[in-house]
Amino acid sequence: MVCACGSGTGKCRLRWQFWTLLSLSAALQLCLWQRPLLAADPQQPETSRPPEVVTIYEPGRLGGHGASLHRVTITGTARNADGKPLKDADIYVASRGWIIPGDFEQLRGHTRSDENGHYELKDVQLFVINNRDPHSRPDESDFIVFGTKENYGLTWHPARNYRPAARPEEIDGQDRNSHATRNAFFQNEPIVIDLQFDAPAKLRGVITDRQGHPLANAKVQLGHVDDQRNPSGRGTGSCRYLKQENPYLKLIDSFLNFSVVPSSVRETYTDAQGRYEFTQLRRDTSYAANIDPGLEFAPWQFTLMTADRARTPRDTVATGYDGEFNHQFTAPRDVTVHVVQSDSGRPLSNVMVTAHHIGEVLRGGFQARTDSQGNAQLRLIPDEYRLVAEPTPDQPFLYLSQQYFVPERDAAEKTDSPHVTMKLNPAAIVKLKAINAKTGAPIPGVRFNYETYDSGEQIPVSTQTVFVDYPFTNDAGEIQAFMEPGMRRFVVAEPYSLAQADGSRSERIKLTPGQITEVIISLTPAESLPTHLAARDLQPRKNSLYAPEIQKKWHIQSELLRLTPLRVTTQKVSLRRESSFDTRNLLKDLRALDPYQLPDIKSLLNKHLQAETEWCKQVLTAHGTLKHEARYFNSETHPAVFFNLSGQPLPNITSMTDGWTTLQHISSSNHATINLIHKGRVYHSVESPSDLCEWTSLRHRFPASINSKQPEADIRREGQKIFYNVKKEETVSRRVLDQETGFIFETYYQSYPKQYEQAKLYFAPVKLANGLILPGMQIHWKTYRGELQILEAVVIEKAEILSPVPVDAFSIALPAGTEIVDSRQLPDNISYIAGNHMSKRVLRGPVSDFANYLRRHPYYSHEMQTDPQLGRYAPKLDPALWLTTESPTAAPDLNGKVALIHFWGTKNPGSLEQLSEMNSAYNKYADQPVVLIGFHDWAISPSQLQEFATQQELKYMLAIDHRPEEAGWFGKTMHNFRVRELPQTAVIDQRGNLSFVGTLPEAMQKVDELLEDKK
């Protein structure tokens, strides 16, 4: 299969969560042996016939199942209601499964009946789902035969099943599916389907506005209608015959895939007088219906019955066999929105104004920018709206949202343009400055969160109120931000080492609208860390195969990559599960190339792959832990679905992560998702420039023993390149790098017993202005048992250092109609599907920044959880590891004992100052029923903590916390105890209740009180 940009770009008809499992270009393979949709020539030679079976998805690769096309021939006779044969009736067959790829052509064949009414659909290929458990559900296809003929109504035979297996000799009558089994067609059985054509139902009408003006070119759809959330998508529908059930399946007689019916039967447009007409409808049938006069109107979707019914449900219209249905729409009005400064009344230009309807999804006329007079012109249907005004990043004003009701048109009005004024309040101007508390020097690269007066939840600081832009301090250690007035506390968010430093949390500061407030954060960096621990962080690994100079060059590059605000534009292709792809010859050809030059990778891939490859454009942005990825597919095969106000297409897929939460929007389905990374629920990997190269950081340690020996390798030099070849009994590895820069050209690994191969090759290194080196092209692949699992090739078109970083660099724009699915509040023991039904909403208008929308409309907050309360049962002590200076150990027994928990970190100077007090406490309570626990934050390895504890002679129990599940915390358990700053101490009494949280001296006093009370 060939796909663009890897997984996560596919679609599935039945459940949207399967979309991440399929490729958007699966149609390339699904169309294999897909014949023209006309009857096959009976005289055609055998060699031109499609194979009896074509596998299109191997087992497990289509939502856990497989799929194939099976060749069959369907015959029958077309007759009218009197039993007379009909000549030249158009006969069609459509096929589907209970899972169906979105790009699969469900219309499988078309022919016409002869003078005797006979037809033959020869060699059509039915879509069969190969179920992973054939005992519970057999391999089968659902298919439907239908027909049209002039002066007759559309007709269809109830849907049937085809099973590509021999008919069972006995059918278990107790099997609940026995009825379907008896009536299914089996392999090599004749498939005969007769069709009866009846007189048509006819429908006509006129579409106007409420003033009686005809609405020309209004779309009228029956059976299959547009999805108002995603008009460019596949749509939805319903079509049901009311006079009988499907006797073969004991289900309602529905035409599920009605989109295969010729559009002339099910869709029309009004003429200049607003008139429309249908002449080939089936009688006694209910249809999903849609009337859409245009983008500035609200379409009306309802159910239409071609039957006579005295009473019908709401939004259902019964028109009989020859009916008329007229409808009036409310026409939009021109609305002028005047945006001014609240204090002076001066107009504000270039402000984005957006209207969000209270009920309908808007499609046009809802968004505009103000002109030089502060006026924005909208076209809105009379109803209630929420108007949003967004100032530009350089305007020191606040985002504003206000309700507005567009009045109905009054005949006495002299003007048709209602007028509304929006007054923007001035923002508080904050100048944050981070300095070294010892030297007074500015500290660049610091990012801040803030807390409000009434909440401890930490929110990222942004430079303005429209986008969440995650700014870092500049070379002067400064950030300027326009913020909401009120009481704020500023907290260091990044880097993590400074988040633990003394002074990382400011006092609460009052921000005044329109005034500048300077906030200086004096930080004590981690120079106070024990020298042996700090120095070791940057020491090359002694037993490494690579020279210390090479390791240091890699580390410098990894730090540049991590700290540089970078945007990279690429072209990328992904291949998956290509059993015929010859990676050995590809590797041979790649190794023969000059790695300093940019190869023609497209020609090289076409040489080794018979199918066409489809490339997509990627724009990757990263800074620190922030990553943003935008994918644009080929506009010819995947045309853009949504556009911004300037007419620029929105990406097909946009993803963003701050290291804690992942946001994603997929245009094809118009879905947006929010996931906590730790949950692992439909987790979307966000690619970044760091995925394009190999720069190993000395911050990362491999789990090899300190005393492990350096591997034996064949090391040779060839010009500027160094080759490292390591051959063992079961594995082979190879690495090639540039000896001057350390740039890695190739990393190769092969395991013989596991039949596994992984290769990464990099070409044409380019040095940026700050010294960072990136490849011009990268290709990597993995094979298992000789079959390609994945191959990805990336060509870098442009790499730029962002200075300054644009405010929308990490934003995700959402169009109107986006369905937001938020899984953050779901507990781990609930199914993802069931939980999502409780956390969905649909946007009525567009949103400039997904993250900012979530901030203003929170689904989930840690404040919604129950805070720990003194006197009640304490939160569970659940670290990643319990240990002593000697080895890992079991959890301590706290039953009937007092527990003193010291929350600390080796990179926190205040924590280090209290270690002597903890040692004194250990000696003091050695003979008492007291358990002392040093609960360290998550960012340390067991060996590092043991080495540090040994040097400091810490004899009490130690623990390392789990990684926190939310940003702004030092660990999962510390989150549960609401420990916001280190050091902090908690006391648990003999009954397991939380007795105290605060400073260490006060905690020891509390321990003494508990011991005294017990006597």
# chains A, B, ... in the order shown; residues from 1 in each chain; ligands from 1
>>> select_by_dssp(residues="region 780-896 of chain A", states="strand (DSSP E)", output="PyMOL selection string")
chain A and resi 780-784+787-801+819-822+840-842+881-883
>>> residues_around(residues="region 300-312 of chain A", least_positions_apart="4", cutoff="9 Å", atoms="only C-alpha atoms", output="PyMOL selection string")
chain A and resi 201-203+222+225+238+242+281-292+316-323+329
>>> residues_around(residues="Gly742 (chain A)", least_positions_apart="4", cutoff="7 Å", atoms="only C-alpha atoms", output="PyMOL selection string")
chain A and resi 550+553-554+737-738
>>> select_by_dssp(residues="region 51-293 of chain A", states="alpha helix (DSSP H)", output="list of chain:residue names")
A:Ser178, A:His179, A:Ala180, A:Thr181, A:Arg182, A:Asn183, A:Ser263, A:Ser264, A:Val265, A:Arg266
>>> write_last_selection(atoms="all heavy atoms", output="mmCIF file, in the first residue's frame")
data_model
loop_
_atom_site.group_PDB
_atom_site.id
_atom_site.type_symbol
_atom_site.label_atom_id
_atom_site.label_comp_id
_atom_site.auth_asym_id
_atom_site.auth_seq_id
_atom_site.Cartn_x
_atom_site.Cartn_y
_atom_site.Cartn_z
ATOM 1 N N SER A 178 -28.834 -17.943 11.894
ATOM 2 C CA SER A 178 -29.167 -19.051 10.997
ATOM 3 C C SER A 178 -30.043 -18.591 9.835
ATOM 4 O O SER A 178 -29.917 -19.094 8.719
ATOM 5 C CB SER A 178 -29.870 -20.166 11.778
ATOM 6 O OG SER A 178 -31.072 -19.688 12.368
ATOM 7 N N HIS A 179 -30.941 -17.633 10.079
ATOM 8 C CA HIS A 179 -31.804 -17.148 9.005
ATOM 9 C C HIS A 179 -30.982 -16.492 7.904
ATOM 10 O O HIS A 179 -31.215 -16.754 6.715
ATOM 11 C CB HIS A 179 -32.821 -16.150 9.575
ATOM 12 C CG HIS A 179 -33.807 -15.653 8.568
ATOM 13 N ND1 HIS A 179 -34.901 -16.399 8.187
ATOM 14 C CD2 HIS A 179 -33.856 -14.504 7.851
ATOM 15 C CE1 HIS A 179 -35.595 -15.729 7.277
ATOM 16 N NE2 HIS A 179 -34.983 -14.574 7.063
ATOM 17 N N ALA A 180 -30.003 -15.663 8.290
ATOM 18 C CA ALA A 180 -29.136 -15.021 7.300
ATOM 19 C C ALA A 180 -28.295 -16.060 6.570
ATOM 20 O O ALA A 180 -28.049 -15.937 5.362
ATOM 21 C CB ALA A 180 -28.248 -13.987 7.975
ATOM 22 N N THR A 181 -27.861 -17.098 7.276
ATOM 23 C CA THR A 181 -27.045 -18.139 6.646
ATOM 24 C C THR A 181 -27.842 -18.880 5.582
ATOM 25 O O THR A 181 -27.348 -19.157 4.487
ATOM 26 C CB THR A 181 -26.527 -19.112 7.708
ATOM 27 O OG1 THR A 181 -25.760 -18.382 8.679
ATOM 28 C CG2 THR A 181 -25.675 -20.193 7.081
ATOM 29 N N ARG A 182 -29.102 -19.228 5.878
ATOM 30 C CA ARG A 182 -29.927 -19.945 4.901
ATOM 31 C C ARG A 182 -30.143 -19.127 3.642
ATOM 32 O O ARG A 182 -30.217 -19.677 2.533
ATOM 33 C CB ARG A 182 -31.283 -20.284 5.523
ATOM 34 C CG ARG A 182 -31.249 -21.333 6.599
ATOM 35 C CD ARG A 182 -32.648 -21.787 6.951
ATOM 36 N NE ARG A 182 -32.639 -22.654 8.123
ATOM 37 C CZ ARG A 182 -32.822 -22.219 9.369
ATOM 38 N NH1 ARG A 182 -33.055 -20.918 9.583
ATOM 39 N NH2 ARG A 182 -32.784 -23.050 10.378
ATOM 40 N N ASN A 183 -30.252 -17.807 3.785
ATOM 41 C CA ASN A 183 -30.599 -16.967 2.650
ATOM 42 C C ASN A 183 -29.398 -16.337 1.972
ATOM 43 O O ASN A 183 -29.567 -15.580 1.013
ATOM 44 C CB ASN A 183 -31.553 -15.863 3.107
ATOM 45 C CG ASN A 183 -32.925 -16.391 3.446
ATOM 46 O OD1 ASN A 183 -33.717 -16.719 2.574
ATOM 47 N ND2 ASN A 183 -33.205 -16.521 4.743
ATOM 48 N N SER A 263 -26.977 10.581 -9.496
ATOM 49 C CA SER A 263 -27.355 11.844 -8.861
ATOM 50 C C SER A 263 -28.586 12.463 -9.502
ATOM 51 O O SER A 263 -29.323 13.208 -8.845
ATOM 52 C CB SER A 263 -26.180 12.823 -8.903
ATOM 53 O OG SER A 263 -25.804 13.071 -10.250
ATOM 54 N N SER A 264 -28.848 12.149 -10.779
ATOM 55 C CA SER A 264 -30.032 12.709 -11.442
ATOM 56 C C SER A 264 -31.318 12.221 -10.809
ATOM 57 O O SER A 264 -32.366 12.869 -10.941
ATOM 58 C CB SER A 264 -30.014 12.348 -12.933
ATOM 59 O OG SER A 264 -30.016 10.932 -13.094
ATOM 60 N N VAL A 265 -31.265 11.102 -10.113
ATOM 61 C CA VAL A 265 -32.452 10.548 -9.461
ATOM 62 C C VAL A 265 -32.649 11.163 -8.085
ATOM 63 O O VAL A 265 -33.788 11.374 -7.648
ATOM 64 C CB VAL A 265 -32.339 9.011 -9.369
ATOM 65 C CG1 VAL A 265 -33.503 8.416 -8.584
ATOM 66 C CG2 VAL A 265 -32.256 8.401 -10.747
ATOM 67 N N ARG A 266 -31.566 11.463 -7.383
ATOM 68 C CA ARG A 266 -31.654 11.833 -5.969
ATOM 69 C C ARG A 266 -31.283 13.284 -5.671
ATOM 70 O O ARG A 266 -31.343 13.710 -4.523
ATOM 71 C CB ARG A 266 -30.743 10.921 -5.147
ATOM 72 C CG ARG A 266 -29.290 10.946 -5.587
ATOM 73 C CD ARG A 266 -28.417 9.997 -4.783
ATOM 74 N NE ARG A 266 -27.081 9.890 -5.337
ATOM 75 C CZ ARG A 266 -26.101 10.743 -5.112
ATOM 76 N NH1 ARG A 266 -26.318 11.798 -4.338
ATOM 77 N NH2 ARG A 266 -24.910 10.559 -5.640
#
>>> residues_around(residues="region 112-121 of chain A", least_positions_apart="3", cutoff="12 Å", atoms="only C-alpha atoms", output="ChimeraX atom specification")
/A:35-42,71-80,83-94,108-109,124-126,145-149,190-197
>>> residues_around(residues="region 713-720 of chain A", least_positions_apart="2", cutoff="9 Å", atoms="only C-alpha atoms", output="list in words")
Leu545, Gln710, Pro711, Ile722, Phe723, Tyr724, Asn725, Val726, Lys727, Leu737, Asp738, Gln739 and Glu740 of chain A
>>> residues_around(residues="Ala437 (chain A)", least_positions_apart="6", cutoff="10 Å", atoms="only C-alpha atoms", output="list in words")
Asp502, Gly503, Ile521, Ser522, Leu523, Thr524 and Pro525 of chain A
>>> closest_residue(among="A:Pro513, A:Pro804, A:Pro262, A:Gly968", to="Asp469 (chain A)", atoms="only C-alpha atoms")
A:Pro804
>>> closest_atom_pairs(of="region 704-823 of chain A", to="region 624-641 of chain A", cutoff="10 Å", atoms="only C-alpha atoms", output="tab-separated table")
residue	atom	partner	partner_atom	distance
A:Ala809	CA	A:His628	CA	7.7
A:Phe810	CA	A:His628	CA	5.6
A:Ser811	CA	A:His628	CA	8.0
A:Ile812	CA	A:His628	CA	8.8
A:Pro815	CA	A:Val641	CA	9.8
>>> write_last_selection(atoms="C-alpha atoms", output="compact mmCIF listing (two decimals), in the first residue's frame")
# COMPACT_ATOMS: atom_id res chain seq x y z
CA ALA A 809 3.33 29.35 15.28
CA PHE A 810 1.77 26.69 17.51
CA SER A 811 -1.90 27.41 16.81
CA ILE A 812 -4.50 25.12 15.24
CA PRO A 815 -13.37 25.73 10.89
